[in-house]
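Student: Got a file for you: model06.cif, mmCIF, C-alpha atoms.
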```
data_upload
#
loop_
_atom_site.label_atom_id
_atom_site.label_comp_id
_atom_site.auth_asym_id
_atom_site.auth_seq_id
_atom_site.Cartn_x
_atom_site.Cartn_y
_atom_site.Cartn_z
CA MET A 1150 -120.14 -117.31 -16.25
CA ILE A 1151 -123.12 -114.92 -16.53
CA ASN A 1152 -126.01 -115.43 -14.09
CA ASN A 1153 -129.44 -114.26 -15.19
CA ARG A 1154 -132.96 -114.46 -13.84
CA GLY A 1155 -136.18 -114.07 -15.80
CA ILE A 1156 -134.52 -112.79 -19.00
CA ALA A 1157 -133.15 -114.30 -22.19
CA SER A 1158 -129.47 -114.01 -23.05
CA GLN A 1159 -127.62 -115.73 -25.87
CA GLY A 1160 -124.08 -116.95 -25.61
CA ASP A 1161 -122.00 -119.71 -24.12
CA ASN A 1162 -121.76 -120.76 -20.47
CA ASN A 1163 -124.89 -118.91 -19.28
CA ASN A 1164 -126.68 -119.93 -16.09
CA PHE A 1165 -130.39 -119.04 -15.80
CA SER A 1166 -132.92 -119.61 -13.05
CA SER A 1167 -135.83 -119.63 -15.52
CA ASN A 1168 -134.80 -120.17 -19.16
CA ALA A 1169 -131.42 -120.79 -20.71
CA VAL A 1170 -130.26 -120.52 -24.33
CA GLY A 1171 -126.78 -121.32 -25.50
CA GLU A 1172 -124.17 -124.02 -25.41
CA ASN A 1173 -123.52 -125.43 -21.93
CA ALA A 1174 -126.38 -123.32 -20.50
CA HIS A 1175 -128.63 -124.89 -17.91
CA VAL A 1176 -131.72 -124.10 -15.86
CA SER A 1177 -131.83 -124.08 -12.06
CA VAL A 1178 -135.01 -123.83 -10.03
CA ALA A 1179 -134.47 -122.24 -6.65
CA ALA A 1180 -136.52 -123.50 -3.73
CA PRO A 1181 -138.77 -120.87 -2.15
CA SER A 1182 -137.54 -119.31 1.06
CA CYS A 1183 -138.98 -120.90 4.19
CA ASP A 1184 -139.85 -117.52 5.68
CA SER A 1185 -141.26 -116.02 2.52
CA THR A 1186 -144.74 -114.53 2.68
CA ARG A 1187 -145.05 -114.07 -1.08
CA PRO A 1188 -147.86 -115.71 -2.99
CA VAL A 1189 -146.73 -118.41 -5.40
CA GLU A 1190 -148.16 -116.57 -8.40
CA ALA A 1191 -146.11 -113.45 -7.66
CA GLU A 1192 -142.91 -115.46 -7.27
CA ALA A 1193 -143.50 -117.20 -10.57
CA ALA A 1194 -144.02 -113.87 -12.32
CA GLY A 1195 -140.89 -112.40 -10.76
CA GLU A 1196 -142.91 -109.57 -9.19
CA GLN A 1197 -142.21 -107.73 -5.97
CA ALA A 1198 -145.13 -109.07 -3.95
CA THR A 1199 -147.01 -107.08 -1.35
CA VAL A 1200 -146.91 -108.50 2.16
CA TRP A 1201 -150.43 -108.89 3.53
CA ASP A 1202 -150.83 -108.73 7.28
CA VAL A 1203 -154.43 -109.86 7.87
CA GLY A 1204 -156.66 -112.16 5.84
CA VAL A 1205 -160.33 -111.96 6.83
CA VAL A 1206 -162.86 -114.69 6.13
CA THR A 1207 -166.56 -113.89 6.30
CA ILE A 1208 -169.55 -116.11 5.62
CA LEU A 1209 -172.57 -113.87 5.10
CA SER A 1210 -172.88 -110.86 2.80
CA GLU A 1211 -173.72 -108.66 5.81
CA GLU A 1212 -170.44 -109.72 7.41
CA LEU A 1213 -168.30 -108.94 4.37
CA ARG A 1214 -170.05 -105.62 3.78
CA SER A 1215 -169.43 -104.62 7.40
CA VAL A 1216 -165.71 -105.41 7.15
CA VAL A 1217 -165.41 -103.64 3.78
CA ASP A 1218 -167.13 -100.51 5.11
CA GLU A 1219 -165.27 -100.45 8.42
CA LEU A 1220 -161.81 -100.85 6.86
CA LYS A 1221 -162.49 -99.04 3.55
CA LEU A 1222 -161.54 -102.03 1.41
CA GLU A 1223 -161.74 -102.08 -2.38
CA ARG A 1224 -162.90 -104.98 -4.53
CA ARG A 1225 -160.46 -106.90 -6.69
CA LYS A 1226 -161.26 -109.76 -9.06
CA GLU A 1227 -158.46 -112.25 -9.59
CA PRO A 1228 -157.90 -113.72 -13.09
CA GLY A 1229 -159.35 -117.04 -11.95
CA GLY A 1230 -162.65 -115.41 -11.00
CA LEU A 1231 -162.24 -115.11 -7.21
CA TYR A 1232 -163.22 -111.85 -5.53
CA PHE A 1233 -161.17 -110.28 -2.76
CA TYR A 1234 -161.34 -106.94 -0.99
CA GLN A 1235 -158.10 -105.13 -0.24
CA GLY A 1236 -157.04 -102.12 1.78
CA LYS A 1237 -154.65 -100.49 4.22
CA HIS A 1238 -155.22 -99.31 7.76
CA ALA A 1239 -152.93 -96.97 9.69
CA THR A 1240 -152.00 -97.90 13.25
CA PRO A 1241 -149.56 -96.24 15.69
CA GLU A 1242 -146.98 -98.86 14.69
CA GLY A 1243 -147.36 -98.48 10.92
CA THR A 1244 -149.61 -99.55 8.06
CA VAL A 1245 -151.55 -102.80 8.17
CA ARG A 1246 -152.53 -104.41 4.86
CA ILE A 1247 -155.81 -106.31 4.93
CA VAL A 1248 -157.51 -108.60 2.45
CA ALA A 1249 -160.99 -110.06 2.95
CA THR A 1250 -163.07 -112.70 1.21
CA GLN A 1251 -166.37 -114.50 1.59
CA SER A 1252 -166.80 -118.27 1.65
CA GLN A 1253 -169.21 -119.88 -0.78
CA SER A 1254 -171.42 -121.26 1.98
CA GLN A 1255 -171.70 -121.87 5.69
CA GLY A 1256 -169.73 -124.61 7.38
CA GLN A 1257 -166.24 -125.82 8.16
CA ARG A 1258 -165.38 -127.12 4.69
CA SER A 1259 -166.25 -123.94 2.85
CA ALA A 1260 -164.36 -121.87 5.42
CA MET A 1261 -161.26 -124.01 4.89
CA ALA A 1262 -161.54 -123.52 1.13
CA ALA A 1263 -161.71 -119.73 1.64
CA LEU A 1264 -158.61 -119.89 3.84
CA GLU A 1265 -156.78 -121.83 1.15
CA ASN A 1266 -157.74 -119.19 -1.43
CA LEU A 1267 -156.34 -116.49 0.84
CA ARG A 1268 -153.15 -118.46 1.40
CA ARG A 1269 -152.67 -119.18 -2.30
CA HIS A 1270 -153.20 -115.61 -3.47
CA TYR A 1271 -152.01 -113.49 -0.52
CA GLU A 1272 -150.35 -115.53 2.25
CA PRO A 1273 -151.49 -113.23 5.09
CA ARG A 1274 -149.63 -113.30 8.37
CA LEU A 1275 -152.84 -113.57 10.39
CA TRP A 1276 -156.24 -115.13 9.69
CA ALA A 1277 -159.36 -113.55 11.19
CA LEU A 1278 -162.80 -115.11 11.08
CA VAL A 1279 -165.24 -112.24 11.54
CA GLY A 1280 -169.02 -112.24 11.64
CA VAL A 1281 -172.03 -113.41 13.62
CA GLY A 1282 -172.65 -116.31 15.97
CA GLY A 1283 -175.17 -117.70 18.42
CA GLY A 1284 -174.83 -116.78 22.09
CA LEU A 1285 -174.93 -119.40 24.85
CA HIS A 1286 -174.18 -117.34 27.94
CA ALA A 1287 -177.22 -115.43 29.21
CA GLU A 1288 -175.22 -112.44 30.49
CA HIS A 1289 -172.02 -112.23 28.47
CA ALA A 1290 -173.46 -113.25 25.10
CA ARG A 1291 -176.41 -110.92 24.79
CA ILE A 1292 -177.47 -109.86 21.31
CA GLY A 1293 -175.04 -107.27 19.93
CA ASN A 1294 -172.20 -108.26 22.25
CA ILE A 1295 -168.88 -109.49 20.85
CA ILE A 1296 -166.95 -112.63 21.72
CA VAL A 1297 -163.25 -112.47 20.90
CA SER A 1298 -161.95 -116.01 20.84
CA THR A 1299 -158.53 -117.59 20.75
CA ASP A 1300 -159.96 -120.92 21.97
CA ILE A 1301 -162.14 -123.25 19.91
CA VAL A 1302 -163.97 -126.41 20.91
CA TYR A 1303 -164.97 -128.55 17.92
CA TYR A 1304 -167.86 -130.74 19.03
CA GLU A 1305 -168.72 -132.94 16.03
CA ASN A 1306 -166.43 -135.90 16.71
CA ARG A 1307 -168.40 -138.61 18.52
CA LYS A 1308 -168.84 -142.32 19.07
CA ILE A 1309 -172.31 -143.85 18.66
CA ASN A 1310 -172.79 -146.81 20.95
CA PRO A 1311 -175.72 -149.29 21.11
CA ARG A 1312 -179.06 -148.19 22.56
CA GLY A 1313 -178.60 -144.59 21.46
CA ASP A 1314 -175.60 -143.89 23.68
CA VAL A 1315 -173.69 -141.04 21.97
CA ARG A 1316 -170.30 -139.98 23.36
CA ARG A 1317 -168.96 -136.71 21.96
CA ARG A 1318 -165.21 -136.24 21.77
CA GLY A 1319 -164.44 -132.54 21.77
CA GLU A 1320 -161.27 -131.11 20.25
CA HIS A 1321 -159.90 -128.01 21.93
CA ARG A 1322 -157.42 -125.78 20.10
CA GLN A 1323 -155.86 -122.50 21.10
CA ALA A 1324 -154.43 -119.79 18.86
CA PRO A 1325 -150.65 -119.19 18.86
CA ALA A 1326 -149.21 -117.42 21.89
CA PRO A 1327 -148.55 -114.04 20.18
CA VAL A 1328 -152.25 -113.75 19.29
CA VAL A 1329 -153.30 -114.65 22.84
CA HIS A 1330 -150.93 -112.02 24.23
CA ALA A 1331 -152.32 -109.43 21.81
CA VAL A 1332 -155.90 -110.13 22.88
CA ASN A 1333 -154.90 -110.01 26.54
CA ALA A 1334 -153.30 -106.60 25.96
CA PHE A 1335 -156.50 -105.33 24.32
CA PHE A 1336 -158.60 -106.28 27.34
CA THR A 1337 -155.98 -104.90 29.73
CA ASP A 1338 -156.33 -101.52 28.02
CA HIS A 1339 -160.10 -101.56 27.50
CA GLY A 1340 -161.34 -103.60 30.46
CA THR A 1341 -163.24 -106.87 30.67
CA PRO A 1342 -165.77 -106.44 29.40
CA ALA A 1343 -164.82 -103.64 27.05
CA ARG A 1344 -167.82 -101.34 26.63
CA ILE A 1345 -168.30 -99.78 23.18
CA ASN A 1346 -171.01 -97.63 21.64
CA GLY A 1347 -173.16 -99.45 19.09
CA GLN A 1348 -171.93 -99.20 15.49
CA LEU A 1349 -175.26 -99.52 13.70
CA THR A 1350 -176.92 -96.12 13.20
CA THR A 1351 -180.06 -97.20 15.03
CA HIS A 1352 -178.04 -98.38 18.05
CA THR A 1353 -175.39 -95.65 18.50
CA SER A 1354 -176.88 -94.62 21.84
CA GLU A 1355 -176.54 -98.16 23.17
CA GLU A 1356 -173.44 -99.85 24.51
CA PHE A 1357 -172.36 -103.35 23.62
CA GLU A 1358 -169.86 -105.42 25.55
CA VAL A 1359 -166.79 -107.31 24.36
CA TYR A 1360 -165.68 -110.47 26.15
CA PRO A 1361 -162.87 -112.95 25.66
CA GLY A 1362 -164.26 -116.47 25.53
CA VAL A 1363 -164.36 -119.93 24.06
CA ILE A 1364 -166.41 -120.68 20.94
CA GLY A 1365 -168.02 -124.04 20.24
CA SER A 1366 -167.97 -124.98 16.58
CA GLY A 1367 -169.59 -127.69 14.49
CA GLU A 1368 -171.98 -128.18 11.60
CA ALA A 1369 -175.29 -127.61 13.41
CA VAL A 1370 -177.54 -124.58 13.21
CA ILE A 1371 -178.70 -124.52 16.82
CA ALA A 1372 -182.17 -123.11 17.47
CA ASP A 1373 -183.16 -125.04 20.58
CA ARG A 1374 -182.37 -123.95 24.13
CA GLU A 1375 -182.63 -127.59 25.26
CA SER A 1376 -180.24 -128.82 22.55
CA GLU A 1377 -177.92 -131.64 23.59
CA ILE A 1378 -175.08 -129.75 21.89
CA ARG A 1379 -175.59 -126.72 24.12
CA SER A 1380 -175.52 -128.93 27.20
CA TYR A 1381 -172.41 -130.74 26.03
CA LEU A 1382 -170.50 -127.52 25.34
CA THR A 1383 -171.32 -125.82 28.62
CA ASN A 1384 -170.37 -128.97 30.53
CA TYR A 1385 -167.19 -129.43 28.49
CA HIS A 1386 -165.97 -125.90 29.23
CA GLU A 1387 -167.87 -123.38 31.34
CA LYS A 1388 -166.40 -120.48 29.33
CA VAL A 1389 -167.97 -121.50 26.00
CA LEU A 1390 -169.88 -118.30 25.29
CA ALA A 1391 -171.04 -118.74 21.70
CA VAL A 1392 -171.35 -121.17 18.80
CA ASP A 1393 -170.62 -120.98 15.09
CA MET A 1394 -170.12 -123.27 12.09
CA GLU A 1395 -166.65 -122.27 10.84
CA ALA A 1396 -164.14 -121.71 13.65
CA GLY A 1397 -163.39 -125.43 13.89
CA GLY A 1398 -162.34 -125.39 10.24
CA LEU A 1399 -160.08 -122.41 10.86
CA SER A 1400 -158.32 -124.07 13.79
CA GLN A 1401 -158.03 -127.37 11.87
CA TYR A 1402 -156.60 -125.63 8.81
CA TRP A 1403 -154.03 -123.90 10.99
CA GLN A 1404 -153.13 -127.16 12.72
CA GLU A 1405 -152.57 -129.04 9.46
CA ASN A 1406 -150.50 -126.22 7.97
CA SER A 1407 -148.21 -126.17 11.00
CA ILE A 1408 -146.19 -129.04 9.48
CA HIS A 1409 -144.99 -126.87 6.58
CA GLY A 1410 -141.61 -125.21 6.74
CA GLY A 1411 -142.85 -121.67 6.15
CA ILE A 1412 -144.64 -119.19 8.35
CA ASN A 1413 -147.97 -120.47 9.67
CA PRO A 1414 -150.25 -117.48 10.29
CA GLY A 1415 -151.85 -116.91 13.63
CA TRP A 1416 -155.64 -116.83 13.90
CA ILE A 1417 -158.44 -115.14 15.79
CA VAL A 1418 -162.24 -115.40 15.80
CA ILE A 1419 -164.48 -112.36 16.36
CA ARG A 1420 -168.19 -113.16 16.66
CA GLY A 1421 -171.02 -110.71 17.12
CA VAL A 1422 -173.97 -112.30 18.88
CA SER A 1423 -176.98 -112.20 16.55
CA ASP A 1424 -179.21 -114.69 18.40
CA ASN A 1425 -179.28 -116.88 21.48
CA ALA A 1426 -179.18 -120.25 19.70
CA ASP A 1427 -182.79 -120.87 20.70
CA GLU A 1428 -186.30 -120.78 19.26
CA GLY A 1429 -186.00 -117.03 18.62
CA LYS A 1430 -183.11 -117.51 16.18
CA GLY A 1431 -183.47 -115.45 13.01
CA HIS A 1432 -181.86 -112.83 10.79
CA ALA A 1433 -183.12 -109.67 12.49
CA TYR A 1434 -179.84 -108.85 14.25
CA HIS A 1435 -177.29 -110.00 11.65
CA GLU A 1436 -176.48 -106.44 10.60
CA LEU A 1437 -176.08 -105.20 14.17
CA ALA A 1438 -173.83 -108.09 15.18
CA ALA A 1439 -171.75 -107.94 11.99
CA ARG A 1440 -171.16 -104.17 12.28
CA ASN A 1441 -170.06 -104.49 15.90
CA ALA A 1442 -167.73 -107.39 15.04
CA ALA A 1443 -166.09 -105.47 12.18
CA TYR A 1444 -165.52 -102.50 14.46
CA ILE A 1445 -163.79 -104.67 17.07
CA LEU A 1446 -161.59 -106.16 14.35
CA ARG A 1447 -160.41 -102.63 13.54
CA LYS A 1448 -159.82 -101.86 17.22
CA LEU A 1449 -157.75 -105.05 17.57
CA LEU A 1450 -155.48 -104.40 14.58
CA PRO A 1451 -152.89 -102.31 16.50
CA TYR A 1452 -152.50 -105.18 18.96
CA LEU A 1453 -152.42 -107.99 16.40
CA CYS A 1454 -150.06 -106.43 13.86
#
```
Written as structure tokens, that's how I'd like the structure from this file.
Tutor:
Amino acid sequence: MINNRGIASQGDNNNFSSNAVGENAHVSVAAPSCDSTRPVEAEAAGEQATVWDVGVVTILSEELRSVVDELKLERRKEPGGLYFYQGKHATPEGTVRIVATQSQSQGQRSAMAALENLRRHYEPRLWALVGVGGGLHAEHARIGNIIVSTDIVYYENRKINPRGDVRRRGEHRQAPAPVVHAVNAFFTDHGTPARINGQLTTHTSEEFEVYPGVIGSGEAVIADRESEIRSYLTNYHEKVLAVDMEAGGLSQYWQENSIHGGINPGWIVIRGVSDNADEGKGHAYHELAARNAAYILRKLLPYLC
């Protein structure tokens, strides 16, 4: 019997994994390997797929531009119309392949859709959510500082009782152990906080600080220092240093994909503080925070990959 894959051969007693022509020929469809990191499209086309190490999700254009510039990524448009940015980065251990994308809008749902696009087209081994966030801690989360998080508290789940009694039910998720160890190694080498020169041209003479910490995540844009959400988060966990609107979706997406047989990528969140989640919230420091966050992503790559 002749075994063939992805070609056409005429004759008797042929066995094909794609198409079969001839008497007594048949088609067999092999199940994908459980530890494969190949995108489905590449497998279907019979191509030798590139293994992608890090998939980056950004929300704002300033965030994506900062990542693209920092890692020298190049734009690619997929046949379906999606845009991704690809590149390679050399580390002491080898070459890291990175792909980045931008969600359509803010919020958990759009972030999860962007993660699914990355999974479907690239299947990266690690997901990184990189960009800006609101600081809660007066000292550690000053504007321009970076919070590196492997712990997320999702605050939206709640029970509404009579007479306006609202009981929030936080969900706390932690990144996989290898990611936590990698982040710990980074801070062991660089100190806590790590002190880095500013990455925006107008702030190169200034230092920003990098802290490990917990991020609170939900659907609210918080611009009130007396917000009930701020109070809840700081009481829930004293190490909640910042807030965003997407990290909960990342941790939920990872949790739900953990039931699949294949590799479930690790995840990390890197947030540059662009405001203090109070009345002064605005867009003035988006560029500064995004540039600093992208730089810390690059500095973390040797530890994560």
Student: Name the residues captured by the PyMOL selection byres ((chain A and resi 1359) around 8) when it is applied to the shown file; answer as a VMD selection string.
Tutor: chain A and resid 1294 to 1297 1341 to 1345 1357 to 1358 1360 to 1361
Student: Keeping C-alpha atoms for every residue in the selection just given, could you write it to a file as a compact mmCIF listing (two decimals), keeping the file's coordinate frame?
Tutor:
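The resulting file, selection39.txt, is reproduced below:
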```txt
# COMPACT_ATOMS: atom_id res chain seq x y z
CA ASN A 1294 -172.20 -108.26 22.25
CA ILE A 1295 -168.88 -109.49 20.85
CA ILE A 1296 -166.95 -112.63 21.72
CA VAL A 1297 -163.25 -112.47 20.90
CA THR A 1341 -163.24 -106.87 30.67
CA PRO A 1342 -165.77 -106.44 29.40
CA ALA A 1343 -164.82 -103.64 27.05
CA ARG A 1344 -167.82 -101.34 26.63
CA ILE A 1345 -168.30 -99.78 23.18
CA PHE A 1357 -172.36 -103.35 23.62
CA GLU A 1358 -169.86 -105.42 25.55
CA TYR A 1360 -165.68 -110.47 26.15
CA PRO A 1361 -162.87 -112.95 25.66
```
Student: At what distance in Å, to one decimal, does CA of Cys1454 in chain A lie from CA of Asp1202 in chain A?
Tutor: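 Separating CA of Asp1202 in chain A from CA of Cys1454 in chain A is a distance of 7.0 Å.
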Student: State, in Å with one decimal place, the distance from CA of Glu1395 in chain A to CA of Glu1227 in chain A.
Tutor: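 These atoms are spaced 24.2 Å apart.
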Student: In Å to one decimal, how far is CA of Leu1220 in chain A from CA of Gln1235 in chain A?
Tutor: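 According to the coordinates, CA of Gln1235 in chain A and CA of Leu1220 in chain A are separated by 9.1 Å.
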Student: Can you give me, as a VMD selection string, the residues this file yields under the PyMOL selection byres ((chain A and resi 1306-1317) around 10)?
Tutor: chain A and resid 1303 to 1305 1318 to 1320 1367 1378 1381 to 1382 1385
Student: Would you mind listing what lies within 9 Å of Ile1301 in chain A as a PyMOL selection string, with all atoms listed in the file counted and same-chain residues fewer than 2 positions away left out?
Tutor: chain A and resi 1298-1299+1303+1320-1324+1363-1366+1389+1396-1397+1400+1418
Student: Quick one: of A:Asn1441, A:Glu1387, A:Arg1214, A:Leu1399, who's nearest to Arg1258 in chain A, counting only C-alpha atoms?
Tutor: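 Under the stated criterion, the closest residue is A:Leu1399.
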Student: Could you give me range 1219-1230 of chain A completed to all heavy atoms, formatted as an mmCIF file, keeping the file's coordinate frame?
Tutor:
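New file rebuild.cif:
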```cif
data_model
loop_
_atom_site.group_PDB
_atom_site.id
_atom_site.type_symbol
_atom_site.label_atom_id
_atom_site.label_comp_id
_atom_site.auth_asym_id
_atom_site.auth_seq_id
_atom_site.Cartn_x
_atom_site.Cartn_y
_atom_site.Cartn_z
ATOM 1 N N GLU A 1219 -166.030 -100.866 7.240
ATOM 2 C CA GLU A 1219 -165.270 -100.450 8.420
ATOM 3 C C GLU A 1219 -163.811 -100.167 8.071
ATOM 4 O O GLU A 1219 -163.197 -99.230 8.608
ATOM 5 C CB GLU A 1219 -165.347 -101.534 9.489
ATOM 6 C CG GLU A 1219 -164.724 -101.162 10.810
ATOM 7 C CD GLU A 1219 -165.459 -100.026 11.518
ATOM 8 O OE1 GLU A 1219 -166.710 -100.057 11.555
ATOM 9 O OE2 GLU A 1219 -164.772 -99.123 12.031
ATOM 10 N N LEU A 1220 -163.233 -100.965 7.180
ATOM 11 C CA LEU A 1220 -161.810 -100.850 6.860
ATOM 12 C C LEU A 1220 -161.554 -100.202 5.508
ATOM 13 O O LEU A 1220 -160.403 -100.126 5.067
ATOM 14 C CB LEU A 1220 -161.158 -102.238 6.898
ATOM 15 C CG LEU A 1220 -161.207 -102.924 8.267
ATOM 16 C CD1 LEU A 1220 -160.673 -104.339 8.176
ATOM 17 C CD2 LEU A 1220 -160.419 -102.124 9.312
ATOM 18 N N LYS A 1221 -162.612 -99.747 4.838
ATOM 19 C CA LYS A 1221 -162.490 -99.040 3.550
ATOM 20 C C LYS A 1221 -161.746 -99.896 2.514
ATOM 21 O O LYS A 1221 -160.804 -99.443 1.865
ATOM 22 C CB LYS A 1221 -161.771 -97.711 3.750
ATOM 23 C CG LYS A 1221 -162.386 -96.811 4.828
ATOM 24 C CD LYS A 1221 -163.797 -96.388 4.460
ATOM 25 C CE LYS A 1221 -164.346 -95.340 5.425
ATOM 26 N NZ LYS A 1221 -164.556 -95.852 6.799
ATOM 27 N N LEU A 1222 -162.178 -101.119 2.354
ATOM 28 C CA LEU A 1222 -161.540 -102.030 1.410
ATOM 29 C C LEU A 1222 -162.116 -101.853 0.015
ATOM 30 O O LEU A 1222 -163.256 -101.422 -0.157
ATOM 31 C CB LEU A 1222 -161.718 -103.478 1.867
ATOM 32 C CG LEU A 1222 -161.301 -103.806 3.303
ATOM 33 C CD1 LEU A 1222 -161.477 -105.300 3.584
ATOM 34 C CD2 LEU A 1222 -159.866 -103.379 3.576
ATOM 35 N N GLU A 1223 -161.319 -102.188 -0.994
ATOM 36 C CA GLU A 1223 -161.740 -102.080 -2.380
ATOM 37 C C GLU A 1223 -161.740 -103.447 -3.042
ATOM 38 O O GLU A 1223 -160.850 -104.276 -2.810
ATOM 39 C CB GLU A 1223 -160.812 -101.134 -3.149
ATOM 40 C CG GLU A 1223 -160.856 -99.703 -2.626
ATOM 41 C CD GLU A 1223 -159.969 -98.779 -3.435
ATOM 42 O OE1 GLU A 1223 -159.263 -99.273 -4.353
ATOM 43 O OE2 GLU A 1223 -159.973 -97.558 -3.162
ATOM 44 N N ARG A 1224 -162.731 -103.670 -3.890
ATOM 45 C CA ARG A 1224 -162.900 -104.980 -4.530
ATOM 46 C C ARG A 1224 -161.849 -105.216 -5.600
ATOM 47 O O ARG A 1224 -161.468 -104.338 -6.352
ATOM 48 C CB ARG A 1224 -164.294 -105.049 -5.154
ATOM 49 C CG ARG A 1224 -164.637 -106.433 -5.718
ATOM 50 C CD ARG A 1224 -166.021 -106.436 -6.339
ATOM 51 N NE ARG A 1224 -166.048 -105.592 -7.527
ATOM 52 C CZ ARG A 1224 -167.053 -104.792 -7.858
ATOM 53 N NH1 ARG A 1224 -168.117 -104.699 -7.081
ATOM 54 N NH2 ARG A 1224 -167.000 -104.065 -8.953
ATOM 55 N N ARG A 1225 -161.381 -106.472 -5.646
ATOM 56 C CA ARG A 1225 -160.460 -106.900 -6.690
ATOM 57 C C ARG A 1225 -160.888 -108.287 -7.172
ATOM 58 O O ARG A 1225 -161.139 -109.179 -6.363
ATOM 59 C CB ARG A 1225 -159.013 -106.967 -6.175
ATOM 60 C CG ARG A 1225 -158.043 -107.621 -7.171
ATOM 61 C CD ARG A 1225 -156.642 -107.712 -6.619
ATOM 62 N NE ARG A 1225 -155.774 -108.517 -7.465
ATOM 63 C CZ ARG A 1225 -155.155 -108.073 -8.550
ATOM 64 N NH1 ARG A 1225 -155.316 -106.817 -8.937
ATOM 65 N NH2 ARG A 1225 -154.371 -108.875 -9.259
ATOM 66 N N LYS A 1226 -160.941 -108.458 -8.470
ATOM 67 C CA LYS A 1226 -161.260 -109.760 -9.060
ATOM 68 C C LYS A 1226 -159.981 -110.370 -9.607
ATOM 69 O O LYS A 1226 -159.314 -109.781 -10.446
ATOM 70 C CB LYS A 1226 -162.299 -109.613 -10.175
ATOM 71 C CG LYS A 1226 -162.727 -110.953 -10.774
ATOM 72 C CD LYS A 1226 -163.763 -110.768 -11.871
ATOM 73 C CE LYS A 1226 -164.196 -112.110 -12.461
ATOM 74 N NZ LYS A 1226 -165.197 -111.945 -13.547
ATOM 75 N N GLU A 1227 -159.640 -111.555 -9.113
ATOM 76 C CA GLU A 1227 -158.460 -112.250 -9.590
ATOM 77 C C GLU A 1227 -158.738 -112.884 -10.961
ATOM 78 O O GLU A 1227 -159.896 -113.152 -11.299
ATOM 79 C CB GLU A 1227 -158.038 -113.335 -8.595
ATOM 80 C CG GLU A 1227 -157.559 -112.792 -7.261
ATOM 81 C CD GLU A 1227 -156.243 -112.060 -7.368
ATOM 82 O OE1 GLU A 1227 -155.512 -112.299 -8.357
ATOM 83 O OE2 GLU A 1227 -155.939 -111.239 -6.483
ATOM 84 N N PRO A 1228 -157.699 -113.133 -11.758
ATOM 85 C CA PRO A 1228 -157.900 -113.720 -13.090
ATOM 86 C C PRO A 1228 -158.705 -115.010 -13.073
ATOM 87 O O PRO A 1228 -159.440 -115.299 -14.013
ATOM 88 C CB PRO A 1228 -156.461 -113.948 -13.579
ATOM 89 C CG PRO A 1228 -155.656 -112.905 -12.883
ATOM 90 C CD PRO A 1228 -156.290 -112.757 -11.526
ATOM 91 N N GLY A 1229 -158.599 -115.790 -12.017
ATOM 92 C CA GLY A 1229 -159.350 -117.040 -11.950
ATOM 93 C C GLY A 1229 -160.813 -116.876 -11.606
ATOM 94 O O GLY A 1229 -161.564 -117.852 -11.611
ATOM 95 N N GLY A 1230 -161.238 -115.659 -11.293
ATOM 96 C CA GLY A 1230 -162.650 -115.410 -11.000
ATOM 97 C C GLY A 1230 -162.974 -115.176 -9.547
ATOM 98 O O GLY A 1230 -164.117 -114.853 -9.207
#
```
